[in-house]
Amino acid sequence: MYMQNYKFGLSMRLPEGKLPGFYAQIIKAIAGKVSLWDRDKELLILNNEEERATIKDVLNHYKVYHEEMDVWLLPDNAVKYRNYEDYGFESKQGYAYLYADKVALYRVLPLFHLTEMDTKPCLLQLEENLIVSFHAEPGDIYYVDVDHKEWVNRIAAAYGHSVTWL
């Protein structure tokens, strides 16, 4: 399963008018409790819910507004399409992410014994709305806008395929 690439995020909104060292003080307090997987500006990225709960306690102590913002970590072989930046970002450490609440991920599976030639037209049409795709076993994984799920199901069915939503 692909769930190991799901990361737990916390987006901070730092209070106005604080001294420049305030952010550094928060990061130091967090570092004493958990290891961040990654961060990008005011978005802290973690491996699990327990780490996020620990960081929430630190942020509450410093009276920093925060909200959960989970992300999908993309593998190195991910192909990013033209609208990727509307749904994700690359961190300063070079990792690519998608915002989990904005995307849905799926695999396309033929319903019958179809050849690659039979599958290609379906995949070409689905590509119109792709945000990211990458090769994984047992089949490629595709990301689309969360509002395009019904469209994906209809296109796949029209070509004799089914969709498995992950």
# chains A, B, ... in the order shown; residues from 1 in each chain; ligands from 1
call {"tool": "residues_around", "arguments": {"residues": "Ile27 (chain A)", "least_positions_apart": "5", "cutoff": "10 Å", "atoms": "only C-alpha atoms", "output": "number ranges by chain"}}
result
A: 21-22, 32, 36, 44, 55, 58-59
call {"tool": "write_last_selection", "arguments": {"atoms": "N, CA and C atoms", "output": "mmCIF file, in the first residue's frame"}}
result
data_model
loop_
_atom_site.group_PDB
_atom_site.id
_atom_site.type_symbol
_atom_site.label_atom_id
_atom_site.label_comp_id
_atom_site.auth_asym_id
_atom_site.auth_seq_id
_atom_site.Cartn_x
_atom_site.Cartn_y
_atom_site.Cartn_z
ATOM 1 N N GLY A 21 13.592 36.296 16.752
ATOM 2 C CA GLY A 21 13.994 35.037 17.376
ATOM 3 C C GLY A 21 12.838 34.166 17.838
ATOM 4 N N PHE A 22 11.607 34.670 17.742
ATOM 5 C CA PHE A 22 10.446 33.916 18.220
ATOM 6 C C PHE A 22 10.285 32.600 17.462
ATOM 7 N N GLY A 32 13.545 19.688 20.481
ATOM 8 C CA GLY A 32 13.808 18.982 21.728
ATOM 9 C C GLY A 32 12.811 17.876 22.012
ATOM 10 N N LEU A 36 11.443 16.631 13.035
ATOM 11 C CA LEU A 36 10.601 16.951 11.887
ATOM 12 C C LEU A 36 11.041 16.112 10.700
ATOM 13 N N LEU A 44 5.001 22.502 9.035
ATOM 14 C CA LEU A 44 5.840 21.470 9.647
ATOM 15 C C LEU A 44 5.308 20.113 9.211
ATOM 16 N N ILE A 55 3.735 18.377 18.866
ATOM 17 C CA ILE A 55 4.003 19.724 18.353
ATOM 18 C C ILE A 55 2.832 20.661 18.640
ATOM 19 N N VAL A 58 3.365 22.141 21.961
ATOM 20 C CA VAL A 58 4.385 23.200 21.941
ATOM 21 C C VAL A 58 3.788 24.491 21.380
ATOM 22 N N LEU A 59 3.069 24.382 20.269
ATOM 23 C CA LEU A 59 2.486 25.577 19.652
ATOM 24 C C LEU A 59 1.430 26.217 20.548
#
call {"tool": "select_by_dssp", "arguments": {"residues": "region 46-79 of chain A", "states": "alpha helix (DSSP H)", "output": "list of chain:residue names"}}
result
A:Glu49, A:Glu50, A:Glu51, A:Arg52, A:Ala53, A:Thr54, A:Ile55, A:Lys56, A:Asp57, A:Val58, A:Leu59, A:Asn60, A:His61
call {"tool": "residues_around", "arguments": {"residues": "Glu51 (chain A)", "least_positions_apart": "6", "cutoff": "9 Å", "atoms": "only C-alpha atoms", "output": "MDAnalysis selection string"}}
result
chainID A and resid 8 33:36
call {"tool": "closest_atom_pairs", "arguments": {"of": "region 68-110 of chain A", "to": "region 134-151 of chain A", "cutoff": "9 Å", "atoms": "only C-alpha atoms", "output": "CSV"}}
result
residue,atom,partner,partner_atom,distance
A:Leu74,CA,A:Phe134,CA,8.6
A:Pro75,CA,A:Phe134,CA,7.7
A:Asp76,CA,A:Phe134,CA,8.8
A:Asn77,CA,A:Phe134,CA,6.0
A:Ala78,CA,A:Phe134,CA,4.6
A:Val79,CA,A:Phe134,CA,6.0
A:Lys80,CA,A:Phe134,CA,8.9
A:Tyr87,CA,A:Asp145,CA,8.1
A:Asp101,CA,A:Val146,CA,7.6
A:Lys102,CA,A:Val146,CA,5.6
A:Val103,CA,A:Val146,CA,4.5
A:Ala104,CA,A:Val146,CA,4.8
A:Leu105,CA,A:Tyr143,CA,4.4
A:Tyr106,CA,A:Tyr142,CA,5.4
A:Arg107,CA,A:Ile141,CA,5.2
A:Val108,CA,A:Gly139,CA,7.6
A:Leu109,CA,A:Gly139,CA,8.0
call {"tool": "select_by_dssp", "arguments": {"residues": "chain A", "states": "strand (DSSP E or B)", "output": "JSON, numbers by chain"}}
result
{"A": [6, 7, 8, 9, 10, 11, 12, 13, 38, 39, 40, 43, 44, 45, 46, 65, 66, 67, 68, 71, 72, 73, 79, 80, 88, 89, 90, 96, 97, 98, 99, 103, 104, 105, 106, 107, 108, 109, 110, 130, 131, 132, 133, 134, 141, 142, 143, 144, 145, 161, 162, 163, 164, 165]}
call {"tool": "residues_around", "arguments": {"residues": "Glu68 (chain A)", "least_positions_apart": "2", "cutoff": "12 Å", "atoms": "only C-alpha atoms", "output": "VMD selection string"}}
result
chain A and resid 7 to 13 42 to 46 49 52 to 53 55 to 56 65 to 66 70 to 71 99 to 101
